[in-house]
>>> print(open('target10.txt').read())   # compact mmCIF, C-alpha atoms
# COMPACT_ATOMS: atom_id res chain seq x y z
CA MET A 1 -11.23 39.47 -57.74
CA ALA A 2 -7.77 40.84 -56.94
CA LEU A 3 -9.38 43.12 -54.39
CA ALA A 4 -11.19 40.23 -52.73
CA GLU A 5 -7.85 38.40 -52.61
CA GLY A 6 -6.34 41.52 -51.05
CA VAL A 7 -9.00 41.38 -48.34
CA LEU A 8 -8.26 37.72 -47.66
CA GLN A 9 -4.51 38.42 -47.47
CA LEU A 10 -5.08 41.10 -44.84
CA ILE A 11 -7.31 38.72 -42.90
CA GLU A 12 -4.73 35.92 -43.07
CA ASP A 13 -1.94 38.27 -41.97
CA ALA A 14 -4.03 39.38 -39.01
CA ALA A 15 -4.90 35.76 -38.18
CA HIS A 16 -1.21 34.89 -38.19
CA GLN A 17 -0.27 37.78 -35.92
CA GLN A 18 -3.24 37.72 -33.60
CA GLU A 19 -3.88 34.01 -33.54
CA PHE A 20 -7.46 33.46 -34.44
CA LYS A 21 -8.67 30.69 -36.66
CA LYS A 22 -12.15 31.57 -37.74
CA VAL A 23 -13.59 34.78 -39.08
CA THR A 24 -17.33 35.23 -38.76
CA THR A 25 -17.87 38.78 -40.00
CA VAL A 26 -15.80 41.17 -42.08
CA TRP A 27 -16.49 44.90 -42.22
CA LEU A 28 -15.27 46.75 -45.27
CA GLU A 29 -15.36 50.48 -45.76
CA ILE A 30 -16.03 51.19 -49.40
CA GLY A 31 -16.23 54.74 -50.68
CA GLN A 32 -18.97 55.68 -53.10
CA LEU A 33 -16.33 56.91 -55.57
CA SER A 34 -13.95 53.95 -55.26
CA GLY A 35 -15.31 52.19 -58.32
CA VAL A 36 -15.87 48.99 -56.36
CA GLU A 37 -18.95 47.08 -57.40
CA ILE A 38 -20.46 45.89 -54.14
CA GLU A 39 -22.28 43.00 -55.84
CA ALA A 40 -19.13 41.82 -57.55
CA MET A 41 -17.09 42.21 -54.37
CA SER A 42 -19.57 40.05 -52.40
CA PHE A 43 -19.55 37.41 -55.09
CA CYS A 44 -15.75 37.35 -55.39
CA PHE A 45 -15.33 37.40 -51.62
CA ASP A 46 -17.40 34.22 -51.29
CA ALA A 47 -15.42 32.56 -54.07
CA VAL A 48 -12.01 33.59 -52.74
CA THR A 49 -12.65 32.75 -49.10
CA ARG A 50 -13.96 29.26 -49.77
CA ASP A 51 -11.68 26.81 -47.90
CA SER A 52 -10.03 29.68 -46.02
CA ILE A 53 -10.36 30.83 -42.42
CA ALA A 54 -12.99 33.29 -43.63
CA ALA A 55 -15.17 30.64 -45.29
CA GLY A 56 -18.82 31.50 -44.82
CA ALA A 57 -18.04 34.81 -43.15
CA ARG A 58 -20.64 37.54 -43.39
CA LEU A 59 -19.51 40.54 -45.43
CA GLU A 60 -20.70 43.90 -44.14
CA ILE A 61 -20.13 46.90 -46.37
CA ILE A 62 -19.96 50.34 -44.81
CA ALA A 63 -20.60 52.77 -47.66
CA LEU A 64 -18.81 56.09 -47.31
CA PRO A 65 -20.19 59.12 -49.13
CA GLY A 66 -18.20 60.95 -51.77
CA SER A 67 -17.02 64.49 -51.31
CA GLY A 68 -14.76 66.89 -53.13
CA TRP A 69 -13.20 70.32 -52.89
CA CYS A 70 -14.53 72.67 -55.55
CA MET A 71 -11.84 75.13 -56.56
CA ALA A 72 -14.37 77.60 -57.94
CA CYS A 73 -16.63 77.57 -54.87
CA SER A 74 -13.74 77.14 -52.41
CA GLU A 75 -15.67 74.66 -50.35
CA THR A 76 -16.28 70.97 -49.83
CA VAL A 77 -19.26 69.66 -51.77
CA PRO A 78 -20.92 66.24 -51.93
CA MET A 79 -20.05 64.13 -54.98
CA THR A 80 -22.02 61.19 -56.29
CA GLU A 81 -19.81 60.31 -59.23
CA LEU A 82 -16.10 60.56 -59.82
CA PHE A 83 -15.34 63.43 -62.18
CA GLY A 84 -18.90 64.64 -61.96
CA GLU A 85 -19.76 68.31 -61.85
CA CYS A 86 -19.97 70.52 -58.79
CA PRO A 87 -23.60 70.53 -57.55
CA GLN A 88 -23.27 74.24 -56.76
CA CYS A 89 -21.50 75.85 -59.71
CA GLY A 90 -21.58 73.08 -62.33
CA GLY A 91 -17.82 73.24 -62.84
CA TYR A 92 -15.46 70.29 -63.14
CA GLN A 93 -12.57 71.70 -61.10
CA LEU A 94 -13.16 69.26 -58.27
CA GLN A 95 -10.54 67.56 -56.16
CA VAL A 96 -11.90 64.39 -54.57
CA THR A 97 -11.44 64.50 -50.80
CA GLY A 98 -13.50 61.53 -49.64
CA GLY A 99 -15.26 58.45 -50.92
CA THR A 100 -12.40 56.59 -52.62
CA GLU A 101 -11.72 54.35 -49.60
CA MET A 102 -11.31 50.59 -49.91
CA ARG A 103 -10.42 49.42 -46.45
CA VAL A 104 -10.79 46.39 -44.25
CA LYS A 105 -12.12 48.01 -41.09
CA GLU A 106 -12.52 45.21 -38.60
CA LEU A 107 -13.27 41.55 -38.15
CA GLU A 108 -15.32 39.49 -35.78
CA VAL A 109 -13.29 36.41 -35.04
CA ALA A 110 -13.60 33.31 -32.98
CA MET B 1 -10.97 46.99 -60.76
CA CYS B 2 -10.85 43.29 -60.79
CA THR B 3 -14.03 43.09 -58.79
CA THR B 4 -15.74 43.97 -62.04
CA CYS B 5 -13.85 41.78 -64.48
CA GLY B 6 -13.42 38.72 -62.30
CA CYS B 7 -9.80 38.07 -63.19
CA GLY B 8 -7.54 35.92 -61.06
CA SER B 9 -3.91 36.51 -60.23
CA ASP B 10 -2.63 32.95 -60.18
CA GLU B 11 -0.77 31.38 -63.09
CA VAL B 12 1.66 34.29 -63.25
CA LYS B 13 4.79 33.52 -65.24
CA ILE B 14 7.91 35.59 -65.75
CA ASP B 15 9.70 34.59 -68.94
CA GLY B 16 7.87 31.31 -68.78
CA GLU B 17 8.81 30.51 -65.18
CA HIS B 18 6.43 30.64 -62.26
CA SER B 19 7.13 33.43 -59.84
CA HIS B 20 7.15 32.32 -56.26
CA HIS B 21 4.47 33.40 -53.85
CA ASP B 22 4.55 33.38 -50.12
CA HIS B 23 1.45 32.31 -48.34
CA ASP B 24 0.76 32.63 -44.69
CA HIS B 25 -1.07 29.71 -43.26
CA VAL B 26 -2.96 29.75 -40.07
CA HIS B 27 -2.83 26.47 -38.29
CA ALA B 28 -5.66 25.36 -36.11
CA ASP B 29 -3.98 24.71 -32.79
CA GLY B 30 -6.89 24.16 -30.49
CA THR B 31 -9.14 26.77 -29.00
CA ARG B 32 -7.30 29.75 -27.76
CA HIS B 33 -9.09 32.62 -26.18
CA SER B 34 -7.76 35.73 -24.59
CA HIS B 35 -9.17 38.62 -22.68
CA ASP B 36 -6.51 41.05 -23.69
CA HIS B 37 -5.99 42.76 -27.00
CA ASP B 38 -3.35 41.19 -29.11
CA HIS B 39 -1.62 43.80 -31.15
CA ALA B 40 0.29 42.74 -34.20
CA PRO B 41 3.96 43.41 -33.56
CA GLY B 42 5.43 45.72 -36.13
CA ALA B 43 2.15 46.29 -37.90
CA ALA B 44 1.32 49.87 -38.76
CA HIS B 45 -1.53 50.82 -36.49
CA GLU B 46 -3.53 53.87 -37.26
CA HIS B 47 -6.29 53.14 -34.84
CA ALA B 48 -6.58 54.74 -31.47
CA HIS B 49 -7.97 51.75 -29.62
CA SER B 50 -9.39 48.34 -30.13
CA HIS B 51 -12.41 46.95 -28.41
CA GLU B 52 -14.32 43.75 -27.92
CA HIS B 53 -17.95 43.06 -28.49
CA GLY B 54 -20.15 40.41 -27.00
CA HIS B 55 -17.83 39.48 -24.16
CA ARG B 56 -18.34 36.09 -22.75
CA TYR B 57 -15.82 35.59 -20.05
CA ALA B 58 -15.49 31.92 -19.47
CA PRO B 59 -13.56 30.69 -16.46
CA ALA B 60 -9.87 30.76 -17.17
CA HIS B 61 -8.53 27.80 -19.12
CA SER B 62 -11.87 26.17 -19.59
CA HIS B 63 -12.37 24.91 -23.10
CA ALA B 64 -16.01 24.09 -23.13
CA PRO B 65 -16.95 22.67 -26.53
CA GLY B 66 -19.07 25.00 -28.57
CA MET B 67 -18.32 27.93 -26.34
CA SER B 68 -18.31 31.18 -28.21
CA THR B 69 -15.24 33.33 -27.73
CA LYS B 70 -15.96 35.91 -30.35
CA ARG B 71 -13.93 39.07 -30.35
CA MET B 72 -13.34 42.01 -32.63
CA VAL B 73 -10.09 42.66 -34.39
CA GLN B 74 -9.34 46.09 -35.79
CA ILE B 75 -7.61 46.03 -39.15
CA GLU B 76 -7.98 49.53 -40.61
CA GLN B 77 -5.87 48.72 -43.63
CA ASP B 78 -6.31 49.62 -47.24
CA ILE B 79 -7.14 46.65 -49.42
CA LEU B 80 -4.36 47.63 -51.80
CA SER B 81 -1.84 48.14 -48.99
CA LYS B 82 0.07 44.94 -49.85
CA ASN B 83 0.55 46.02 -53.43
CA ASN B 84 1.43 49.53 -52.31
CA ALA B 85 4.13 48.19 -49.98
CA TYR B 86 5.72 46.23 -52.86
CA ALA B 87 5.42 49.32 -55.07
CA ALA B 88 7.18 51.47 -52.47
CA GLN B 89 9.98 48.91 -52.32
CA ASN B 90 10.32 48.93 -56.13
CA ARG B 91 10.30 52.73 -56.19
CA ARG B 92 13.04 52.90 -53.55
CA ARG B 93 15.23 50.52 -55.55
CA LEU B 94 14.65 52.51 -58.74
CA VAL B 95 15.33 55.91 -57.16
CA GLU B 96 18.52 54.65 -55.49
CA ARG B 97 19.88 53.66 -58.88
CA GLY B 98 18.72 56.72 -60.78
CA ILE B 99 16.39 54.69 -62.98
CA PHE B 100 13.50 56.52 -64.63
CA ALA B 101 10.57 54.11 -64.80
CA LEU B 102 7.40 54.55 -66.84
CA ASN B 103 4.25 52.44 -66.68
CA LEU B 104 2.63 52.44 -70.12
CA VAL B 105 -1.09 51.79 -70.06
CA SER B 106 -3.77 51.75 -72.74
CA SER B 107 -6.52 49.68 -74.34
CA PRO B 108 -5.39 46.72 -76.42
CA GLY B 109 -4.43 47.79 -79.91
CA SER B 110 -3.45 51.39 -79.19
CA GLY B 111 0.01 50.78 -80.61
CA LYS B 112 1.94 50.61 -77.32
CA THR B 113 4.48 48.05 -78.50
CA THR B 114 5.09 49.71 -81.88
CA LEU B 115 5.57 53.03 -80.09
CA LEU B 116 7.93 51.40 -77.64
CA VAL B 117 10.01 49.79 -80.39
CA LYS B 118 10.27 53.14 -82.21
CA THR B 119 11.18 54.92 -78.96
CA ILE B 120 13.96 52.43 -78.19
CA GLU B 121 15.36 52.76 -81.71
CA MET B 122 15.39 56.55 -81.49
CA LEU B 123 17.02 56.49 -78.04
CA LYS B 124 19.82 54.18 -79.17
CA GLY B 125 23.18 55.57 -78.17
CA ARG B 126 21.57 58.19 -75.91
CA GLN B 127 19.80 56.18 -73.27
CA GLN B 128 19.90 52.57 -72.20
CA VAL B 129 16.39 51.10 -72.13
CA THR B 130 15.12 47.97 -70.40
CA VAL B 131 11.57 46.69 -70.81
CA ILE B 132 9.11 44.70 -68.75
CA GLU B 133 6.30 43.39 -70.93
CA GLY B 134 2.94 42.38 -69.48
CA ASP B 135 0.48 40.23 -71.39
CA GLN B 136 -1.90 37.47 -70.46
CA GLN B 137 -0.24 35.02 -72.84
CA THR B 138 2.73 34.68 -75.23
CA SER B 139 6.09 36.38 -75.36
CA GLN B 140 5.45 38.02 -78.74
CA ASP B 141 5.90 41.52 -77.39
CA ALA B 142 9.11 40.79 -75.49
CA ASP B 143 10.45 39.15 -78.65
CA ARG B 144 9.68 42.32 -80.63
CA ILE B 145 11.49 44.42 -78.02
CA ARG B 146 14.51 42.07 -77.93
CA ALA B 147 14.76 42.39 -81.71
CA THR B 148 15.73 46.05 -81.15
CA GLY B 149 18.66 44.92 -78.99
CA ALA B 150 17.09 46.11 -75.72
CA ARG B 151 16.81 43.72 -72.79
CA ALA B 152 13.27 42.64 -71.95
CA VAL B 153 11.41 40.20 -69.75
CA GLN B 154 7.91 39.03 -70.37
CA ILE B 155 5.42 38.64 -67.55
CA ASN B 156 2.43 36.48 -68.43
CA THR B 157 -0.37 37.22 -66.05
CA GLY B 158 -2.44 34.16 -67.01
CA LYS B 159 -5.97 35.01 -65.97
CA GLY B 160 -4.83 38.31 -64.46
CA CYS B 161 -5.74 41.54 -66.22
CA HIS B 162 -2.96 43.78 -64.90
CA LEU B 163 0.59 43.80 -63.60
CA ASP B 164 1.06 44.20 -59.88
CA ALA B 165 4.05 45.49 -57.93
CA HIS B 166 5.03 42.02 -56.70
CA MET B 167 5.41 40.63 -60.24
CA VAL B 168 7.32 43.72 -61.35
CA GLY B 169 9.67 43.43 -58.36
CA HIS B 170 10.60 39.88 -59.43
CA ALA B 171 11.02 40.98 -63.05
CA MET B 172 13.33 43.79 -61.89
CA GLU B 173 15.53 41.27 -60.06
CA LYS B 174 15.75 39.22 -63.19
CA LEU B 175 16.73 42.19 -65.33
CA GLU B 176 19.64 43.43 -63.18
CA LEU B 177 18.89 47.02 -64.04
CA VAL B 178 21.71 49.36 -64.95
CA GLU B 179 22.21 52.61 -63.07
CA ASP B 180 20.77 55.75 -64.71
CA SER B 181 18.87 53.70 -67.30
CA LEU B 182 15.29 53.93 -68.46
CA LEU B 183 12.78 51.22 -67.48
CA MET B 184 9.64 50.94 -69.59
CA ILE B 185 6.87 48.75 -68.20
CA GLU B 186 4.26 47.88 -70.78
CA ASN B 187 1.17 46.97 -68.83
CA VAL B 188 -1.54 44.58 -69.97
CA GLY B 189 -3.83 46.29 -72.49
CA ASN B 190 -6.70 47.31 -70.24
CA LEU B 191 -7.93 50.74 -69.21
CA VAL B 192 -9.56 49.64 -65.98
CA CYS B 193 -7.61 47.53 -63.49
CA PRO B 194 -4.02 48.76 -64.07
CA ALA B 195 -5.11 52.21 -62.84
CA ALA B 196 -5.39 50.95 -59.27
CA PHE B 197 -2.08 49.12 -59.10
CA ASP B 198 1.00 51.20 -58.41
CA LEU B 199 4.10 49.42 -59.69
CA GLY B 200 6.67 51.84 -58.28
CA GLU B 201 6.98 53.83 -61.51
CA ALA B 202 7.78 57.53 -61.75
CA HIS B 203 4.81 58.16 -64.05
CA LYS B 204 1.94 56.36 -65.66
CA VAL B 205 1.72 57.24 -69.34
CA VAL B 206 -1.64 56.56 -70.96
CA ILE B 207 -1.75 56.00 -74.70
CA LEU B 208 -4.92 56.86 -76.56
CA SER B 209 -4.92 56.15 -80.26
CA VAL B 210 -7.01 58.38 -82.50
CA THR B 211 -8.78 55.34 -83.91
CA GLU B 212 -10.52 55.00 -80.54
CA GLY B 213 -13.32 57.26 -79.30
CA GLU B 214 -12.34 60.72 -78.06
CA ASP B 215 -14.60 60.17 -75.05
CA LYS B 216 -12.45 57.36 -73.61
CA PRO B 217 -11.06 59.68 -70.89
CA ILE B 218 -14.51 60.15 -69.40
CA LYS B 219 -15.54 56.53 -69.98
CA TYR B 220 -12.46 55.23 -68.15
CA PRO B 221 -11.71 58.17 -65.86
CA ASP B 222 -9.61 56.29 -63.29
CA MET B 223 -6.85 55.62 -65.76
CA PHE B 224 -6.73 59.12 -67.16
CA ARG B 225 -6.68 60.51 -63.65
CA ALA B 226 -3.82 58.21 -62.63
CA ALA B 227 -1.66 59.17 -65.62
CA ASP B 228 0.64 62.19 -65.81
CA LEU B 229 1.03 62.13 -69.59
CA MET B 230 -1.34 61.22 -72.40
CA LEU B 231 0.19 60.23 -75.72
CA MET B 232 -2.19 60.56 -78.61
CA ASN B 233 -0.94 57.90 -80.98
CA LYS B 234 -1.56 57.15 -84.66
CA CYS B 235 -1.92 60.88 -85.41
CA ASP B 236 -0.88 60.22 -89.02
CA LEU B 237 -4.39 58.78 -89.50
CA LEU B 238 -6.21 61.95 -88.40
CA PRO B 239 -7.02 63.14 -91.95
CA HIS B 240 -9.04 59.96 -92.48
CA LEU B 241 -10.99 60.11 -89.23
CA SER B 242 -13.60 62.27 -87.55
CA PHE B 243 -11.64 62.16 -84.29
CA SER B 244 -11.44 65.56 -82.57
CA VAL B 245 -8.09 66.07 -80.84
CA ALA B 246 -9.39 69.16 -79.04
CA LYS B 247 -12.36 67.23 -77.65
CA ALA B 248 -10.18 64.34 -76.47
CA ILE B 249 -7.89 66.78 -74.65
CA GLU B 250 -10.88 68.56 -73.12
CA PHE B 251 -12.27 65.25 -71.82
CA ALA B 252 -8.86 64.21 -70.46
CA ARG B 253 -8.41 67.54 -68.64
CA ARG B 254 -11.92 67.24 -67.22
CA VAL B 255 -10.88 64.14 -65.28
CA ASN B 256 -7.29 65.28 -64.76
CA PRO B 257 -6.71 69.04 -65.07
CA GLY B 258 -2.94 68.61 -64.83
CA ILE B 259 -2.41 65.93 -67.50
CA GLU B 260 0.19 66.70 -70.20
CA VAL B 261 -0.60 65.75 -73.79
CA ILE B 262 1.74 64.93 -76.67
CA GLU B 263 0.47 64.04 -80.15
CA VAL B 264 2.60 61.35 -81.78
CA SER B 265 2.71 58.87 -84.59
CA ALA B 266 5.01 55.91 -84.17
CA THR B 267 4.61 55.19 -87.89
CA SER B 268 5.39 58.63 -89.37
CA GLY B 269 7.61 59.74 -86.50
CA ALA B 270 5.60 62.94 -85.96
CA GLY B 271 5.79 64.24 -82.39
CA MET B 272 8.35 61.62 -81.41
CA THR B 273 10.99 64.23 -80.56
CA ASP B 274 8.60 65.90 -78.10
CA TRP B 275 8.01 62.53 -76.46
CA LEU B 276 11.75 61.77 -76.33
CA ASP B 277 12.44 65.22 -74.85
CA TRP B 278 9.84 64.51 -72.18
CA ILE B 279 11.60 61.22 -71.37
CA GLU B 280 15.03 62.92 -71.35
CA ARG B 281 13.83 65.54 -68.87
CA GLY B 282 12.45 62.87 -66.54
CA ALA B 283 15.54 60.69 -66.86
CA ALA B 284 17.78 63.67 -66.12
CA GLY B 285 15.69 64.29 -63.00
CA SER B 286 16.13 60.68 -61.83
CA ARG B 287 19.90 60.82 -62.44
CA ALA B 288 20.17 64.10 -60.52
CA GLN B 289 18.16 62.63 -57.66
CA ARG B 290 20.54 59.67 -57.39
CA ARG B 291 23.60 61.94 -57.49
CA ASP B 292 22.14 64.21 -54.83
CA ALA B 293 21.37 61.23 -52.62
CA ALA B 294 24.89 59.84 -53.16
CA ALA B 295 26.42 63.24 -52.36
CA GLY B 296 24.29 63.43 -49.23
CA ILE B 297 25.67 60.13 -47.98
CA ALA B 298 29.31 60.95 -48.84
>>> encode(input="target10.txt", output="structure tokens")
Amino acid sequence: MALAEGVLQLIEDAAHQQEFKKVTTVWLEIGQLSGVEIEAMSFCFDAVTRDSIAAGARLEIIALPGSGWCMACSETVPMTELFGECPQCGGYQLQVTGGTEMRVKELEVA
Amino acid sequence: MCTTCGCGSDEVKIDGEHSHHDHDHVHADGTRHSHDHDHAPGAAHEHAHSHEHGHRYAPAHSHAPGMSTKRMVQIEQDILSKNNAYAAQNRRRLVERGIFALNLVSSPGSGKTTLLVKTIEMLKGRQQVTVIEGDQQTSQDADRIRATGARAVQINTGKGCHLDAHMVGHAMEKLELVEDSLLMIENVGNLVCPAAFDLGEAHKVVILSVTEGEDKPIKYPDMFRAADLMLMNKCDLLPHLSFSVAKAIEFARRVNPGIEVIEVSATSGAGMTDWLDWIERGAAGSRAQRRDAAAGIA
């Protein structure tokens, strides 16, 4: 819920600065490892944006894949779960390098 | 995160008073359309360019009803960027005054407040301590802290499940923090949401009591990854439990290879000197940082 409110705040700031008054679509970039529940985000977004300039806006989620740097293998490997094991060597010495994003990418406004 | 627990952030009270919130309102002032790209003045832009989709160039200054003037606006901002900006502001204020701030996080019932009370008592005469208490309701915890003689404010988050940097900033104003002191922020008992919200602290300290499962670090990995120190509390109870300290440490290091671990018992006092030494080292670092900064200016 706080994240959905964060999204709305960014939208309202942008609306204030760039002078638009209706948002029709919102694109979010959500990393696979960010821990964000897409279902919950969609639900909360609808609840939070009711009576706002983003009321009824379509929410588009761009899922970004997870990746990490395996210290043992010395290379970047795909990760499907945070703190999971390296798909190559099975070790846990992984530094997450991608997939934790939670960003508002762009808006379609009228 | 709060997308999973559905908490709300309204109804926040600091020592029983509502904290103020600024809201930006967008006023509908008739149809305005532009062909250029309006860039937000002063906003941090990371993007290389912005573009429009679905152009429909209407004749200049015509406001045909129902006409679509859709355009794209690039935002490219982290959802937590607002909180992070407040946190950066808090951190700057703390560093300038040599204050060592810790954000204590754990599940409810891990013994955070008891540990805090004991810590304050043991630091008496050595280190001035101020406390920000976070709970959904009541000022019970702040009252317990004040009974030790330390100054404390209570933030009630209402429906909220965590403290955020904005609330903590207001609480800091209220406390009038003393230079070179120690600020302890006791977060709402919750191992999920507080992990994502930076408050401006020097370190997050996660408290795991041995009456909980040793697999908590892998069940709630975000928190154990965000913390720099894990305190294993209630260690006096170990003889009565099947809790494996070694296993808990192994799980914690799996999600955070660099995490430090101190075994303590607020009740028996075991391990407390190690914990106080850890605080002293950090506090000395914050004091030195302030002095260096002051010397740099002079």
>>> interface_residues(input="target10.txt", of="chain A", to="chain B", cutoff="8 Å", atoms="only C-alpha atoms", output="MDAnalysis selection string")
chainID A and resid 1:4 6:7 10 12:21 35:37 40:41 44 53 82:83 92:93 101:110
>>> atom_distance(input="target10.txt", atom1="CA of Gly169 (chain B)", atom2="CA of Leu28 (chain A)")
28.4 Å
>>> atom_distance(input="target10.txt", atom1="CA of Asn187 (chain B)", atom2="CA of Asp135 (chain B)")
7.2 Å
>>> residues_around(input="target10.txt", residues="region 119-126 of chain B", least_positions_apart="6", cutoff="8 Å", atoms="all atoms listed in the file", output="list in words")
Thr148, Ala150, Met272 and Leu276 of chain B
>>> residues_around(input="target10.txt", residues="region 268-271 of chain B", least_positions_apart="3", cutoff="10 Å", atoms="all atoms listed in the file", output="PyMOL selection string")
chain B and resi 115+118-119+122+231-237+262-265+274-276
>>> atom_distance(input="target10.txt", atom1="CA of Cys86 (chain A)", atom2="CA of Gly68 (chain A)")
8.5 Å
>>> closest_residue(input="target10.txt", among="B:Glu212, B:Glu173, B:Glu201, B:Glu17", to="Ser106 (chain B)", atoms="only C-alpha atoms")
B:Glu212
>>> closest_residue(input="target10.txt", among="B:Val95, B:Ala85, B:Ala165, B:Val153", to="Ala288 (chain B)", atoms="all atoms listed in the file")
B:Val95
>>> closest_residue(input="target10.txt", among="A:Ala57, A:Cys89, A:Ala72, A:Val96", to="Phe45 (chain A)", atoms="only C-alpha atoms")
A:Ala57
>>> closest_residue(input="target10.txt", among="B:Glu133, B:Asp215, B:Asp228, B:Glu250", to="Arg146 (chain B)", atoms="all atoms listed in the file")
B:Glu133
>>> closest_residue(input="target10.txt", among="B:Phe243, B:Tyr86, B:Phe224, B:Phe100", to="Val168 (chain B)", atoms="all atoms listed in the file")
B:Tyr86
>>> closest_residue(input="target10.txt", among="B:Ser181, B:Thr267, B:Ser209, B:Asn90", to="Arg290 (chain B)", atoms="only C-alpha atoms")
B:Ser181
>>> residues_around(input="target10.txt", residues="Ala283 (chain B)", least_positions_apart="3", cutoff="8 Å", atoms="only C-alpha atoms", output="JSON, numbers by chain")
{"B": [98, 99, 100, 180, 181, 182, 279, 280, 286, 287]}
>>> residues_around(input="target10.txt", residues="Gln154 (chain B)", least_positions_apart="2", cutoff="7 Å", atoms="only C-alpha atoms", output="PyMOL selection string")
chain B and resi 14-15+132-134+139+142+152+156
>>> build_atoms(input="target10.txt", residues="region 42-59 of chain A", atoms="N, CA and C atoms", output="PDB file, in the frame of the given file")
ATOM      1  N   SER A  42     -18.958  41.099 -53.224  1.00  0.00           N
ATOM      2  CA  SER A  42     -19.570  40.050 -52.400  1.00  0.00           C
ATOM      3  C   SER A  42     -19.411  38.688 -53.053  1.00  0.00           C
ATOM      4  N   PHE A  43     -19.651  38.666 -54.360  1.00  0.00           N
ATOM      5  CA  PHE A  43     -19.550  37.410 -55.090  1.00  0.00           C
ATOM      6  C   PHE A  43     -18.120  36.877 -55.054  1.00  0.00           C
ATOM      7  N   CYS A  44     -17.159  37.761 -55.354  1.00  0.00           N
ATOM      8  CA  CYS A  44     -15.750  37.350 -55.390  1.00  0.00           C
ATOM      9  C   CYS A  44     -15.264  36.964 -53.987  1.00  0.00           C
ATOM     10  N   PHE A  45     -15.750  37.689 -52.982  1.00  0.00           N
ATOM     11  CA  PHE A  45     -15.330  37.400 -51.620  1.00  0.00           C
ATOM     12  C   PHE A  45     -15.717  35.966 -51.245  1.00  0.00           C
ATOM     13  N   ASP A  46     -16.946  35.582 -51.586  1.00  0.00           N
ATOM     14  CA  ASP A  46     -17.400  34.220 -51.290  1.00  0.00           C
ATOM     15  C   ASP A  46     -16.531  33.193 -52.017  1.00  0.00           C
ATOM     16  N   ALA A  47     -16.206  33.492 -53.270  1.00  0.00           N
ATOM     17  CA  ALA A  47     -15.420  32.560 -54.070  1.00  0.00           C
ATOM     18  C   ALA A  47     -14.000  32.430 -53.513  1.00  0.00           C
ATOM     19  N   VAL A  48     -13.407  33.567 -53.180  1.00  0.00           N
ATOM     20  CA  VAL A  48     -12.010  33.590 -52.740  1.00  0.00           C
ATOM     21  C   VAL A  48     -11.829  32.992 -51.350  1.00  0.00           C
ATOM     22  N   THR A  49     -12.827  33.186 -50.479  1.00  0.00           N
ATOM     23  CA  THR A  49     -12.650  32.750 -49.100  1.00  0.00           C
ATOM     24  C   THR A  49     -13.063  31.286 -48.872  1.00  0.00           C
ATOM     25  N   ARG A  50     -13.608  30.665 -49.910  1.00  0.00           N
ATOM     26  CA  ARG A  50     -13.960  29.260 -49.770  1.00  0.00           C
ATOM     27  C   ARG A  50     -12.698  28.482 -49.349  1.00  0.00           C
ATOM     28  N   ASP A  51     -12.827  27.588 -48.408  1.00  0.00           N
ATOM     29  CA  ASP A  51     -11.680  26.810 -47.900  1.00  0.00           C
ATOM     30  C   ASP A  51     -10.633  27.654 -47.181  1.00  0.00           C
ATOM     31  N   SER A  52     -10.975  28.876 -46.800  1.00  0.00           N
ATOM     32  CA  SER A  52     -10.030  29.680 -46.020  1.00  0.00           C
ATOM     33  C   SER A  52     -10.608  29.871 -44.619  1.00  0.00           C
ATOM     34  N   ILE A  53      -9.853  30.592 -43.770  1.00  0.00           N
ATOM     35  CA  ILE A  53     -10.360  30.830 -42.420  1.00  0.00           C
ATOM     36  C   ILE A  53     -11.581  31.743 -42.420  1.00  0.00           C
ATOM     37  N   ALA A  54     -11.830  32.390 -43.552  1.00  0.00           N
ATOM     38  CA  ALA A  54     -12.990  33.290 -43.630  1.00  0.00           C
ATOM     39  C   ALA A  54     -14.153  32.655 -44.388  1.00  0.00           C
ATOM     40  N   ALA A  55     -14.091  31.331 -44.579  1.00  0.00           N
ATOM     41  CA  ALA A  55     -15.170  30.640 -45.290  1.00  0.00           C
ATOM     42  C   ALA A  55     -16.499  30.890 -44.596  1.00  0.00           C
ATOM     43  N   GLY A  56     -17.474  31.286 -45.364  1.00  0.00           N
ATOM     44  CA  GLY A  56     -18.820  31.500 -44.820  1.00  0.00           C
ATOM     45  C   GLY A  56     -18.984  32.764 -44.000  1.00  0.00           C
ATOM     46  N   ALA A  57     -17.936  33.583 -43.945  1.00  0.00           N
ATOM     47  CA  ALA A  57     -18.040  34.810 -43.150  1.00  0.00           C
ATOM     48  C   ALA A  57     -19.030  35.777 -43.779  1.00  0.00           C
ATOM     49  N   ARG A  58     -19.691  36.540 -42.916  1.00  0.00           N
ATOM     50  CA  ARG A  58     -20.640  37.540 -43.390  1.00  0.00           C
ATOM     51  C   ARG A  58     -19.835  38.771 -43.822  1.00  0.00           C
ATOM     52  N   LEU A  59     -20.198  39.346 -44.936  1.00  0.00           N
ATOM     53  CA  LEU A  59     -19.510  40.540 -45.430  1.00  0.00           C
ATOM     54  C   LEU A  59     -20.408  41.744 -45.203  1.00  0.00           C
TER      55      LEU A  59
END
